[in-house]
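Undergrad: entry04.cif is reproduced below (mmCIF, C-alpha atoms; chains and numbers go by the auth columns).
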data_protein
#
loop_
_atom_site.group_PDB
_atom_site.id
_atom_site.type_symbol
_atom_site.label_atom_id
_atom_site.label_comp_id
_atom_site.label_asym_id
_atom_site.label_seq_id
_atom_site.Cartn_x
_atom_site.Cartn_y
_atom_site.Cartn_z
_atom_site.B_iso_or_equiv
_atom_site.auth_seq_id
_atom_site.auth_asym_id
ATOM 1 C CA MET A 1 78.850 96.090 65.969 0.00 578 P
ATOM 2 C CA PRO A 2 75.753 95.931 63.791 0.00 579 P
ATOM 3 C CA LYS A 3 75.360 92.983 61.472 0.00 580 P
ATOM 4 C CA VAL A 4 75.252 93.771 57.764 0.00 581 P
ATOM 5 C CA ARG A 5 72.940 92.032 55.315 0.00 582 P
ATOM 6 C CA VAL A 6 72.744 92.522 51.551 0.00 583 P
ATOM 7 C CA ALA A 7 69.763 91.942 49.247 0.00 584 P
ATOM 8 C CA VAL A 8 70.516 91.381 45.548 0.00 585 P
ATOM 9 C CA ILE A 9 67.552 91.328 43.158 0.00 586 P
ATOM 10 C CA HIS A 10 67.890 88.791 40.353 0.00 587 P
ATOM 11 C CA TYR A 11 65.916 87.969 37.228 0.00 588 P
ATOM 12 C CA ASN A 12 67.464 85.682 34.597 0.00 589 P
ATOM 13 C CA ASN A 13 70.908 86.869 33.365 0.00 590 P
ATOM 14 C CA TRP A 14 72.574 84.747 36.062 0.00 591 P
ATOM 15 C CA GLU A 15 76.112 85.762 35.133 0.00 592 P
ATOM 16 C CA LEU A 16 75.473 89.268 36.494 0.00 593 P
ATOM 17 C CA THR A 17 74.381 88.001 39.892 0.00 594 P
ATOM 18 C CA HIS A 18 77.132 85.377 40.051 0.00 595 P
ATOM 19 C CA ALA A 19 79.739 88.078 39.395 0.00 596 P
ATOM 20 C CA ARG A 20 78.314 90.268 42.181 0.00 597 P
ATOM 21 C CA LEU A 21 78.309 87.397 44.664 0.00 598 P
ATOM 22 C CA TRP A 22 81.894 86.553 43.816 0.00 599 P
ATOM 23 C CA GLU A 23 82.950 90.185 44.225 0.00 600 P
ATOM 24 C CA LEU A 24 81.173 90.402 47.580 0.00 601 P
ATOM 25 C CA TYR A 25 82.974 87.251 48.673 0.00 602 P
ATOM 26 C CA ARG A 26 86.348 88.584 47.539 0.00 603 P
ATOM 27 C CA HIS A 27 86.061 91.986 49.169 0.00 604 P
ATOM 28 C CA GLU A 28 83.566 91.713 52.020 0.00 605 P
ATOM 29 C CA LYS A 29 83.204 88.094 53.151 0.00 606 P
ATOM 30 C CA ASP A 30 84.388 88.864 56.700 0.00 607 P
ATOM 31 C CA PHE A 31 81.954 91.742 57.183 0.00 608 P
ATOM 32 C CA LEU A 32 78.642 90.343 55.931 0.00 609 P
ATOM 33 C CA GLU A 33 76.166 88.399 58.001 0.00 610 P
ATOM 34 C CA GLU A 34 74.395 87.171 54.865 0.00 611 P
ATOM 35 C CA VAL A 35 73.604 87.881 51.234 0.00 612 P
ATOM 36 C CA LEU A 36 70.044 87.252 50.116 0.00 613 P
ATOM 37 C CA VAL A 37 69.444 86.670 46.419 0.00 614 P
ATOM 38 C CA VAL A 38 65.834 87.491 45.602 0.00 615 P
ATOM 39 C CA ASP A 39 65.044 85.437 42.517 0.00 616 P
ATOM 40 C CA ASP A 40 62.212 87.310 40.845 0.00 617 P
ATOM 41 C CA GLY A 41 60.630 84.328 39.110 0.00 618 P
ATOM 42 C CA SER A 42 63.533 83.577 36.765 0.00 619 P
ATOM 43 C CA VAL A 43 62.799 81.298 33.814 0.00 620 P
ATOM 44 C CA ASP A 44 66.339 80.797 32.515 0.00 621 P
ATOM 45 C CA ASN A 45 68.238 77.510 32.758 0.00 622 P
ATOM 46 C CA MET A 46 71.089 78.798 34.940 0.00 623 P
ATOM 47 C CA THR A 47 69.598 80.372 38.063 0.00 624 P
ATOM 48 C CA GLU A 48 68.624 77.198 39.880 0.00 625 P
ATOM 49 C CA GLY A 49 72.029 75.634 39.327 0.00 626 P
ATOM 50 C CA GLY A 50 73.813 78.846 40.238 0.00 627 P
ATOM 51 C CA LEU A 51 71.971 79.169 43.541 0.00 628 P
ATOM 52 C CA ARG A 52 72.729 75.524 44.300 0.00 629 P
ATOM 53 C CA TRP A 53 76.446 76.153 43.631 0.00 630 P
ATOM 54 C CA TRP A 54 76.499 79.010 46.144 0.00 631 P
ATOM 55 C CA ALA A 55 74.651 76.895 48.708 0.00 632 P
ATOM 56 C CA GLU A 56 77.351 74.247 48.360 0.00 633 P
ATOM 57 C CA PHE A 57 80.123 76.856 48.395 0.00 634 P
ATOM 58 C CA ARG A 58 78.750 78.177 51.689 0.00 635 P
ATOM 59 C CA VAL A 59 79.625 74.863 53.368 0.00 636 P
ATOM 60 C CA ARG A 60 83.276 75.217 52.310 0.00 637 P
ATOM 61 C CA SER A 61 83.663 78.960 52.772 0.00 638 P
ATOM 62 C CA ASN A 62 81.165 79.958 55.501 0.00 639 P
ATOM 63 C CA PHE A 63 80.000 82.735 53.139 0.00 640 P
ATOM 64 C CA LYS A 64 76.283 82.794 53.732 0.00 641 P
ATOM 65 C CA VAL A 65 74.319 83.155 50.505 0.00 642 P
ATOM 66 C CA GLU A 66 70.617 82.411 50.749 0.00 643 P
ATOM 67 C CA ALA A 67 67.796 82.633 48.247 0.00 644 P
ATOM 68 C CA LEU A 68 64.258 83.939 48.332 0.00 645 P
ATOM 69 C CA VAL A 69 62.624 82.402 45.262 0.00 646 P
ATOM 70 C CA LEU A 70 59.454 84.141 44.114 0.00 647 P
ATOM 71 C CA GLU A 71 57.066 81.894 42.224 0.00 648 P
ATOM 72 C CA GLU A 72 56.331 84.504 39.597 0.00 649 P
ATOM 73 C CA ASN A 73 58.005 87.620 38.227 0.00 650 P
ATOM 74 C CA VAL A 74 56.767 90.632 40.205 0.00 651 P
ATOM 75 C CA ASN A 75 59.392 93.092 38.878 0.00 652 P
ATOM 76 C CA PHE A 76 62.049 95.059 40.713 0.00 653 P
ATOM 77 C CA LEU A 77 60.103 97.106 43.255 0.00 654 P
ATOM 78 C CA LEU A 78 58.028 94.313 44.762 0.00 655 P
ATOM 79 C CA ALA A 79 60.970 91.895 44.688 0.00 656 P
ATOM 80 C CA ALA A 80 63.149 94.458 46.477 0.00 657 P
ATOM 81 C CA ASN A 81 60.493 95.053 49.136 0.00 658 P
ATOM 82 C CA ALA A 82 60.076 91.316 49.681 0.00 659 P
ATOM 83 C CA GLY A 83 63.804 90.868 50.191 0.00 660 P
ATOM 84 C CA MET A 84 64.268 93.864 52.465 0.00 661 P
ATOM 85 C CA LYS A 85 61.280 92.962 54.641 0.00 662 P
ATOM 86 C CA LEU A 86 62.602 89.432 55.089 0.00 663 P
ATOM 87 C CA LEU A 87 66.030 90.724 56.096 0.00 664 P
ATOM 88 C CA ALA A 88 64.529 93.349 58.404 0.00 665 P
ATOM 89 C CA ASP A 89 62.559 90.644 60.204 0.00 666 P
ATOM 90 C CA ARG A 90 65.846 88.805 60.854 0.00 667 P
ATOM 91 C CA SER A 91 67.652 91.919 62.065 0.00 668 P
ATOM 92 C CA GLU A 92 68.067 93.953 65.205 0.00 669 P
ATOM 93 C CA PRO A 93 67.009 97.608 64.800 0.00 670 P
ATOM 94 C CA ASP A 94 70.596 98.865 64.348 0.00 671 P
ATOM 95 C CA ASP A 95 71.605 96.146 61.886 0.00 672 P
ATOM 96 C CA ILE A 96 72.263 97.370 58.352 0.00 673 P
ATOM 97 C CA ILE A 97 70.467 96.271 55.188 0.00 674 P
ATOM 98 C CA ILE A 98 71.988 97.115 51.811 0.00 675 P
ATOM 99 C CA LEU A 99 69.925 96.869 48.632 0.00 676 P
ATOM 100 C CA LEU A 100 72.344 96.247 45.768 0.00 677 P
ATOM 101 C CA SER A 101 71.584 95.981 42.051 0.00 678 P
ATOM 102 C CA ASN A 102 73.238 93.086 40.276 0.00 679 P
ATOM 103 C CA ASP A 103 74.738 95.427 37.663 0.00 680 P
ATOM 104 C CA VAL A 104 77.158 97.139 40.063 0.00 681 P
ATOM 105 C CA LYS A 105 80.786 96.080 39.707 0.00 682 P
ATOM 106 C CA ILE A 106 82.453 95.849 43.111 0.00 683 P
ATOM 107 C CA MET A 107 86.177 96.498 42.913 0.00 684 P
ATOM 108 C CA THR A 108 86.903 97.512 46.503 0.00 685 P
ATOM 109 C CA LYS A 109 85.608 97.366 50.062 0.00 686 P
ATOM 110 C CA PHE A 110 82.593 99.554 50.825 0.00 687 P
ATOM 111 C CA VAL A 111 80.702 97.963 53.718 0.00 688 P
ATOM 112 C CA GLY A 112 82.927 99.592 56.342 0.00 689 P
ATOM 113 C CA GLN A 113 82.229 102.987 54.781 0.00 690 P
ATOM 114 C CA ILE A 114 78.484 102.375 55.048 0.00 691 P
ATOM 115 C CA THR A 115 78.781 101.084 58.613 0.00 692 P
ATOM 116 C CA GLU A 116 80.676 104.190 59.698 0.00 693 P
ATOM 117 C CA ILE A 117 78.100 106.536 58.171 0.00 694 P
ATOM 118 C CA LEU A 118 75.195 104.642 59.725 0.00 695 P
ATOM 119 C CA SER A 119 76.765 104.733 63.181 0.00 696 P
ATOM 120 C CA GLN A 120 74.998 108.106 63.312 0.00 697 P
ATOM 121 C CA PRO A 121 71.176 108.198 63.305 0.00 698 P
ATOM 122 C CA LYS A 122 68.778 109.299 60.591 0.00 699 P
ATOM 123 C CA LYS A 123 70.969 108.619 57.564 0.00 700 P
ATOM 124 C CA LEU A 124 70.079 107.102 54.191 0.00 701 P
ATOM 125 C CA VAL A 125 73.114 106.007 52.180 0.00 702 P
ATOM 126 C CA GLY A 126 73.390 105.576 48.423 0.00 703 P
ATOM 127 C CA GLY A 127 76.030 105.191 45.788 0.00 704 P
ATOM 128 C CA THR A 128 75.393 108.575 44.154 0.00 705 P
ATOM 129 C CA LEU A 129 73.423 111.642 45.221 0.00 706 P
ATOM 130 C CA TYR A 130 71.879 113.921 42.602 0.00 707 P
ATOM 131 C CA THR A 131 71.133 117.458 43.731 0.00 708 P
ATOM 132 C CA HIS A 132 70.953 118.997 40.240 0.00 709 P
ATOM 133 C CA ASP A 133 68.334 118.794 37.503 0.00 710 P
ATOM 134 C CA THR A 134 68.648 115.291 36.016 0.00 711 P
ATOM 135 C CA GLY A 135 65.672 115.773 33.731 0.00 712 P
ATOM 136 C CA TRP A 136 63.391 113.730 35.980 0.00 713 P
ATOM 137 C CA ASN A 137 63.522 115.501 39.350 0.00 714 P
ATOM 138 C CA ASN A 138 62.621 119.083 38.384 0.00 715 P
ATOM 139 C CA PHE A 139 59.015 120.002 39.103 0.00 716 P
ATOM 140 C CA ASN A 140 58.228 123.591 38.116 0.00 717 P
ATOM 141 C CA GLY A 141 61.701 124.681 39.156 0.00 718 P
ATOM 142 C CA LYS A 142 61.825 122.714 42.398 0.00 719 P
ATOM 143 C CA ILE A 143 64.638 120.154 42.421 0.00 720 P
ATOM 144 C CA PHE A 144 64.077 116.982 44.429 0.00 721 P
ATOM 145 C CA PRO A 145 67.473 115.538 45.474 0.00 722 P
ATOM 146 C CA TYR A 146 67.727 111.759 45.401 0.00 723 P
ATOM 147 C CA LEU A 147 70.041 108.811 45.888 0.00 724 P
ATOM 148 C CA GLU A 148 70.139 106.661 42.773 0.00 725 P
ATOM 149 C CA GLY A 149 68.628 103.268 43.493 0.00 726 P
ATOM 150 C CA TRP A 150 71.446 100.939 42.435 0.00 727 P
ATOM 151 C CA LEU A 151 72.678 100.964 46.029 0.00 728 P
ATOM 152 C CA ILE A 152 70.588 102.047 48.995 0.00 729 P
ATOM 153 C CA ALA A 153 71.475 101.282 52.614 0.00 730 P
ATOM 154 C CA THR A 154 70.189 102.090 56.062 0.00 731 P
ATOM 155 C CA THR A 155 69.365 100.343 59.318 0.00 732 P
ATOM 156 C CA ALA A 156 66.557 97.829 59.665 0.00 733 P
ATOM 157 C CA ALA A 157 64.685 100.258 61.923 0.00 734 P
ATOM 158 C CA THR A 158 64.960 103.048 59.348 0.00 735 P
ATOM 159 C CA TRP A 159 63.832 100.805 56.487 0.00 736 P
ATOM 160 C CA LYS A 160 60.733 100.069 58.556 0.00 737 P
ATOM 161 C CA GLU A 161 60.224 103.764 59.316 0.00 738 P
ATOM 162 C CA LEU A 162 60.470 104.566 55.601 0.00 739 P
ATOM 163 C CA ASN A 163 58.071 101.686 54.870 0.00 740 P
ATOM 164 C CA TYR A 164 60.406 100.471 52.122 0.00 741 P
ATOM 165 C CA PHE A 165 59.575 101.460 48.524 0.00 742 P
ATOM 166 C CA ASP A 166 56.155 102.960 47.881 0.00 743 P
ATOM 167 C CA GLU A 167 54.314 100.340 45.854 0.00 744 P
ATOM 168 C CA ARG A 168 52.387 102.916 43.846 0.00 745 P
ATOM 169 C CA TYR A 169 55.495 102.944 41.599 0.00 746 P
ATOM 170 C CA VAL A 170 55.209 99.266 40.612 0.00 747 P
ATOM 171 C CA PRO A 171 56.826 97.829 38.551 0.00 748 P
ATOM 172 C CA HIS A 172 59.858 100.137 38.822 0.00 749 P
ATOM 173 C CA ASP A 173 61.287 103.665 38.371 0.00 750 P
ATOM 174 C CA PHE A 174 60.934 106.717 40.615 0.00 751 P
ATOM 175 C CA GLU A 175 60.932 104.561 43.729 0.00 752 P
ATOM 176 C CA ASP A 176 64.415 105.891 44.580 0.00 753 P
ATOM 177 C CA VAL A 177 63.384 109.537 44.120 0.00 754 P
ATOM 178 C CA ASP A 178 60.322 108.907 46.273 0.00 755 P
ATOM 179 C CA LEU A 179 62.292 107.078 48.993 0.00 756 P
ATOM 180 C CA SER A 180 64.813 109.922 49.156 0.00 757 P
ATOM 181 C CA THR A 181 62.016 112.485 49.377 0.00 758 P
ATOM 182 C CA THR A 182 60.345 110.509 52.145 0.00 759 P
ATOM 183 C CA ALA A 183 63.638 110.330 54.043 0.00 760 P
ATOM 184 C CA LEU A 184 64.123 114.094 53.784 0.00 761 P
ATOM 185 C CA SER A 185 60.547 114.702 54.911 0.00 762 P
ATOM 186 C CA LEU A 186 61.316 112.674 58.060 0.00 763 P
ATOM 187 C CA GLY A 187 64.403 114.743 58.842 0.00 764 P
ATOM 188 C CA MET A 188 66.937 112.264 57.512 0.00 765 P
ATOM 189 C CA GLU A 189 70.124 113.078 55.639 0.00 766 P
ATOM 190 C CA LEU A 190 71.021 111.653 52.220 0.00 767 P
ATOM 191 C CA ILE A 191 74.658 110.514 52.153 0.00 768 P
ATOM 192 C CA PRO A 192 76.428 109.393 48.946 0.00 769 P
ATOM 193 C CA LEU A 193 79.350 106.980 49.058 0.00 770 P
ATOM 194 C CA ASN A 194 80.978 108.380 45.903 0.00 771 P
ATOM 195 C CA ASN A 195 83.176 105.292 46.020 0.00 772 P
ATOM 196 C CA PRO A 196 85.135 104.904 42.755 0.00 773 P
ATOM 197 C CA GLY A 197 85.423 101.186 43.426 0.00 774 P
ATOM 198 C CA LEU A 198 81.689 100.771 42.806 0.00 775 P
ATOM 199 C CA GLN A 199 80.761 101.044 39.135 0.00 776 P
ATOM 200 C CA HIS A 200 77.125 100.980 38.084 0.00 777 P
ATOM 201 C CA ILE A 201 77.010 99.498 34.590 0.00 778 P
ATOM 202 C CA GLY A 202 73.417 100.638 34.033 0.00 779 P
ATOM 203 C CA GLY A 203 70.620 99.195 31.935 0.00 780 P
ATOM 204 C CA GLN A 204 71.546 95.578 32.661 0.00 781 P
ATOM 205 C CA SER A 205 69.013 94.535 35.262 0.00 782 P
ATOM 206 C CA ILE A 206 66.224 96.618 33.693 0.00 783 P
ATOM 207 C CA GLY A 207 66.883 97.533 30.084 0.00 784 P
ATOM 208 C CA TYR A 208 66.175 100.860 28.429 0.00 785 P
ATOM 209 C CA SER A 209 63.284 100.841 25.966 0.00 786 P
ATOM 210 C CA PRO A 210 60.271 102.931 24.880 0.00 787 P
ATOM 211 C CA ALA A 211 58.136 100.725 27.137 0.00 788 P
ATOM 212 C CA ARG A 212 60.319 101.555 30.132 0.00 789 P
ATOM 213 C CA GLU A 213 60.243 105.265 29.314 0.00 790 P
ATOM 214 C CA ALA A 214 56.451 105.104 29.315 0.00 791 P
ATOM 215 C CA ILE A 215 56.535 103.549 32.803 0.00 792 P
ATOM 216 C CA THR A 216 58.932 106.237 34.001 0.00 793 P
ATOM 217 C CA ARG A 217 56.709 109.016 32.692 0.00 794 P
ATOM 218 C CA THR A 218 53.657 107.462 34.352 0.00 795 P
ATOM 219 C CA ASN A 219 55.520 107.277 37.655 0.00 796 P
ATOM 220 C CA LEU A 220 56.759 110.834 37.259 0.00 797 P
ATOM 221 C CA LYS A 221 53.114 111.921 37.294 0.00 798 P
ATOM 222 C CA LYS A 222 52.432 109.751 40.350 0.00 799 P
ATOM 223 C CA PHE A 223 55.369 111.372 42.142 0.00 800 P
ATOM 224 C CA GLY A 224 54.078 114.839 41.278 0.00 801 P
ATOM 225 C CA ASP A 225 50.587 113.970 42.479 0.00 802 P
ATOM 226 C CA LYS A 226 52.040 112.754 45.779 0.00 803 P
ATOM 227 C CA TRP A 227 54.586 115.472 46.550 0.00 804 P
ATOM 228 C CA ILE A 228 53.609 118.655 44.699 0.00 805 P
ATOM 229 C CA LYS A 229 51.060 120.584 46.716 0.00 806 P
#
Spit out the file's structure as structure tokens when you get a sec.

TA:
Amino acid sequence: MPKVRVAVIHYNNWELTHARLWELYRHEKDFLEEVLVVDDGSVDNMTEGGLRWWAEFRVRSNFKVEALVLEENVNFLLAANAGMKLLADRSEPDDIIILLSNDVKIMTKFVGQITEILSQPKKLVGGTLYTHDTGWNNFNGKIFPYLEGWLIATTAATWKELNYFDERYVPHDFEDVDLSTTALSLGMELIPLNNPGLQHIGGQSIGYSPAREAITRTNLKKFGDKWIK
């Protein structure tokens, strides 16, 4: 059986990450090799203590929570890549790495569902697959299907083949559309979980604002420059 590792990206707002860790412990503790919290340069007064609590809890529970603490805030995309590359280096090719946003409520088991899907080759798994016009994936009438980035999973070997998120989209947004498009271009299949026990709250880890919309529109152009011939 492949080992399963989860990367959770965290920046301030510790209660979100703590809730996700607790939910993973409740529902999936027997099926996870480790959970890596990537602390993206948090400056709050709760993260350090929270990570210490989980380190101590690990001794009592054998639930392996580790931390990758970045010295400065590099934003979601680079933090995600740092976490996934670290986990991939620890993994066998068929081991599974799940990237999970800290604003996804976990109310049921889901790791077994992912493991079953990824027992077949050339699959990229996400929480939700969009195949219709979402307002951001329509380029002159061509729809680019994509898995929304709040949960993305595949094997360590496939993450390496995909080369993780394309860093031209730093700091964030459109990296999930691009990753999905890359996967399709390599002959992979996009598979949604559509699991009602996973609820993406939205706008918690990265808020909605005019500044974010400007970033999204800039990255939309970058995506078009890359993929529209």

Undergrad: Expand the PyMOL selection byres ((chain P and resi 591) around 10) into the explicit residue set it covers here, and present it as number ranges by chain.

TA: P: 587-590, 592-596, 616, 619, 621-628, 679

Undergrad: Given the PyMOL selection byres ((chain P and resi 600) around 10) and the file above, list the residues it selects as a PyMOL selection string.

TA: chain P and resi 594-599+601-606+681-686

Undergrad: Which distance in Å separates atom CA of P:Arg635 and atom CA of P:Phe608, to one decimal?

TA: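 These two atoms are separated by 15.0 Å.
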
Undergrad: Let me make sure I understand: among P:Asp753, P:Ile805, P:Glu643, P:Ile586, which one has the smallest atom-to-atom distance to P:Tyr741 if we use only C-alpha atoms?

TA: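 Checking each of P:Asp753, P:Ile805, P:Glu643, P:Ile586 against P:Tyr741, counting only C-alpha atoms, the winner is P:Asp753.
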
Undergrad: For the PyMOL selection byres ((chain P and resi 697) around 12), applied here, can you spell out every residue it catches as JSON, numbers by chain?

TA: {"P": [671, 691, 692, 693, 694, 695, 696, 698, 699, 700, 701, 702, 731, 732, 735, 765, 766, 768]}

Undergrad: Those residues you just picked out, can you put them in a file as a PDB file, keeping the file's coordinate frame with C-alpha atoms?

TA:
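The result, stored in result-v4.pdb:
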ATOM      1  CA  ASP P 671      70.596  98.865  64.348  1.00  0.00           C
ATOM      2  CA  ILE P 691      78.484 102.375  55.048  1.00  0.00           C
ATOM      3  CA  THR P 692      78.781 101.084  58.613  1.00  0.00           C
ATOM      4  CA  GLU P 693      80.676 104.190  59.698  1.00  0.00           C
ATOM      5  CA  ILE P 694      78.100 106.536  58.171  1.00  0.00           C
ATOM      6  CA  LEU P 695      75.195 104.642  59.725  1.00  0.00           C
ATOM      7  CA  SER P 696      76.765 104.733  63.181  1.00  0.00           C
ATOM      8  CA  PRO P 698      71.176 108.198  63.305  1.00  0.00           C
ATOM      9  CA  LYS P 699      68.778 109.299  60.591  1.00  0.00           C
ATOM     10  CA  LYS P 700      70.969 108.619  57.564  1.00  0.00           C
ATOM     11  CA  LEU P 701      70.079 107.102  54.191  1.00  0.00           C
ATOM     12  CA  VAL P 702      73.114 106.007  52.180  1.00  0.00           C
ATOM     13  CA  THR P 731      70.189 102.090  56.062  1.00  0.00           C
ATOM     14  CA  THR P 732      69.365 100.343  59.318  1.00  0.00           C
ATOM     15  CA  THR P 735      64.960 103.048  59.348  1.00  0.00           C
ATOM     16  CA  MET P 765      66.937 112.264  57.512  1.00  0.00           C
ATOM     17  CA  GLU P 766      70.124 113.078  55.639  1.00  0.00           C
ATOM     18  CA  ILE P 768      74.658 110.514  52.153  1.00  0.00           C
TER      19      ILE P 768
END

Undergrad: Go ahead and find all residues with at least one atom no further than 8 Å from (72.5, 86.8, 57.2) in the file's coordinates, using all atoms listed in the file; report them as a list of chain:residue names.

TA: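 These residues have at least one counted atom within 8 Å: P:Val581, P:Arg582, P:Leu609, P:Glu610, P:Glu611, P:Val612, P:Leu613, P:Lys641, P:Val642, P:Leu664, P:Arg667.
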
Undergrad: Would you mind reading off the distance between atom CA of P:Glu648 and atom CA of P:Val636, one decimal, in Å?

TA: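 Going from atom CA of P:Glu648 over to atom CA of P:Val636 covers 26.1 Å.
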
Undergrad: If you measure from atom CA of P:Ile673 to atom CA of P:Ala659, what distance in Å do you get, rounded to one decimal?

TA: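 Between these atoms lies a distance of 16.1 Å.
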
Undergrad: When you look at P:Thr708 with a cut-off of 12 Å (counting all atoms listed in the file), what residues show up, excluding the ones that are within fewer than 3 positions of it in the same chain? I need them as number ranges by chain.

TA: P: 705, 711-715, 719-725, 754, 757-758, 767-769

Undergrad: Please determine an axis-aligned box that encloses all atoms of stretch 681-696 of chain P listed in the file, with 8 Å added on each side, and express its centre and edge lengths in Å to one decimal as JSON.

TA:
{"center_x": 81.0, "center_y": 101.2, "center_z": 51.4, "size_x": 27.7, "size_y": 26.7, "size_z": 39.5}

Undergrad: Tell me which of P:Leu763, P:Arg745, P:Asp750, P:Gln776 sits closest to P:Arg794, counting all atoms listed in the file.

TA: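 The shortest atom-to-atom distance to P:Arg794 comes from P:Asp750.
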
Undergrad: Which of these residues is nearest to P:Val651, using all atoms listed in the file: P:Lys803, P:Leu677, P:Gly618, P:Arg789?

TA: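 Ranking P:Lys803, P:Leu677, P:Gly618, P:Arg789 by distance to P:Val651, first place goes to P:Gly618.
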
Undergrad: Which one of P:Asn796, P:Asn658, P:Asn771, P:Asn717 sits closest to P:Asn740 if you count all atoms listed in the file?

TA: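 Of the candidates, the smallest distance to P:Asn740 is held by P:Asn658.
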
Undergrad: When distances are computed from all atoms listed in the file, which of P:Val620, P:Val615, P:Leu706, P:Leu654 shows the smallest separation from P:Glu744?

TA: P:Leu654

Undergrad: Kindly complete stretch 614-631 of chain P to N, CA and C atoms; the output should be written as an mmCIF file, in the frame of the given file.

TA:
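New file result_1.cif:
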data_model
loop_
_atom_site.group_PDB
_atom_site.id
_atom_site.type_symbol
_atom_site.label_atom_id
_atom_site.label_comp_id
_atom_site.auth_asym_id
_atom_site.auth_seq_id
_atom_site.Cartn_x
_atom_site.Cartn_y
_atom_site.Cartn_z
ATOM 1 N N VAL P 614 69.785 86.514 47.830
ATOM 2 C CA VAL P 614 69.444 86.670 46.419
ATOM 3 C C VAL P 614 67.935 86.508 46.288
ATOM 4 N N VAL P 615 67.270 87.559 45.835
ATOM 5 C CA VAL P 615 65.834 87.491 45.602
ATOM 6 C C VAL P 615 65.633 87.139 44.135
ATOM 7 N N ASP P 616 65.271 85.891 43.887
ATOM 8 C CA ASP P 616 65.044 85.437 42.517
ATOM 9 C C ASP P 616 63.610 85.784 42.122
ATOM 10 N N ASP P 617 63.507 86.764 41.224
ATOM 11 C CA ASP P 617 62.212 87.310 40.845
ATOM 12 C C ASP P 617 61.563 86.481 39.743
ATOM 13 N N GLY P 618 61.336 85.202 40.051
ATOM 14 C CA GLY P 618 60.630 84.328 39.110
ATOM 15 C C GLY P 618 61.408 84.051 37.843
ATOM 16 N N SER P 619 62.707 83.826 37.951
ATOM 17 C CA SER P 619 63.533 83.577 36.765
ATOM 18 C C SER P 619 63.057 82.353 35.996
ATOM 19 N N VAL P 620 63.213 82.413 34.673
ATOM 20 C CA VAL P 620 62.799 81.298 33.814
ATOM 21 C C VAL P 620 63.963 80.831 32.944
ATOM 22 N N ASP P 621 65.174 81.247 33.284
ATOM 23 C CA ASP P 621 66.339 80.797 32.515
ATOM 24 C C ASP P 621 66.745 79.404 32.992
ATOM 25 N N ASN P 622 67.799 78.858 32.384
ATOM 26 C CA ASN P 622 68.238 77.510 32.758
ATOM 27 C C ASN P 622 69.511 77.531 33.588
ATOM 28 N N MET P 623 69.851 78.694 34.177
ATOM 29 C CA MET P 623 71.089 78.798 34.940
ATOM 30 C C MET P 623 70.872 79.175 36.401
ATOM 31 N N THR P 624 69.786 79.846 36.708
ATOM 32 C CA THR P 624 69.598 80.372 38.063
ATOM 33 C C THR P 624 69.548 79.271 39.109
ATOM 34 N N GLU P 625 68.765 78.260 38.882
ATOM 35 C CA GLU P 625 68.624 77.198 39.880
ATOM 36 C C GLU P 625 69.970 76.548 40.179
ATOM 37 N N GLY P 626 70.716 76.239 39.137
ATOM 38 C CA GLY P 626 72.029 75.634 39.327
ATOM 39 C C GLY P 626 73.010 76.581 39.998
ATOM 40 N N GLY P 627 72.925 77.862 39.634
ATOM 41 C CA GLY P 627 73.813 78.846 40.238
ATOM 42 C C GLY P 627 73.563 79.010 41.722
ATOM 43 N N LEU P 628 72.300 79.064 42.120
ATOM 44 C CA LEU P 628 71.971 79.169 43.541
ATOM 45 C C LEU P 628 72.406 77.920 44.297
ATOM 46 N N ARG P 629 72.288 76.760 43.660
ATOM 47 C CA ARG P 629 72.729 75.524 44.300
ATOM 48 C C ARG P 629 74.244 75.540 44.506
ATOM 49 N N TRP P 630 74.976 76.072 43.509
ATOM 50 C CA TRP P 630 76.446 76.153 43.631
ATOM 51 C C TRP P 630 76.834 76.997 44.833
ATOM 52 N N TRP P 631 76.164 78.139 45.024
ATOM 53 C CA TRP P 631 76.499 79.010 46.144
ATOM 54 C C TRP P 631 76.097 78.397 47.472
#
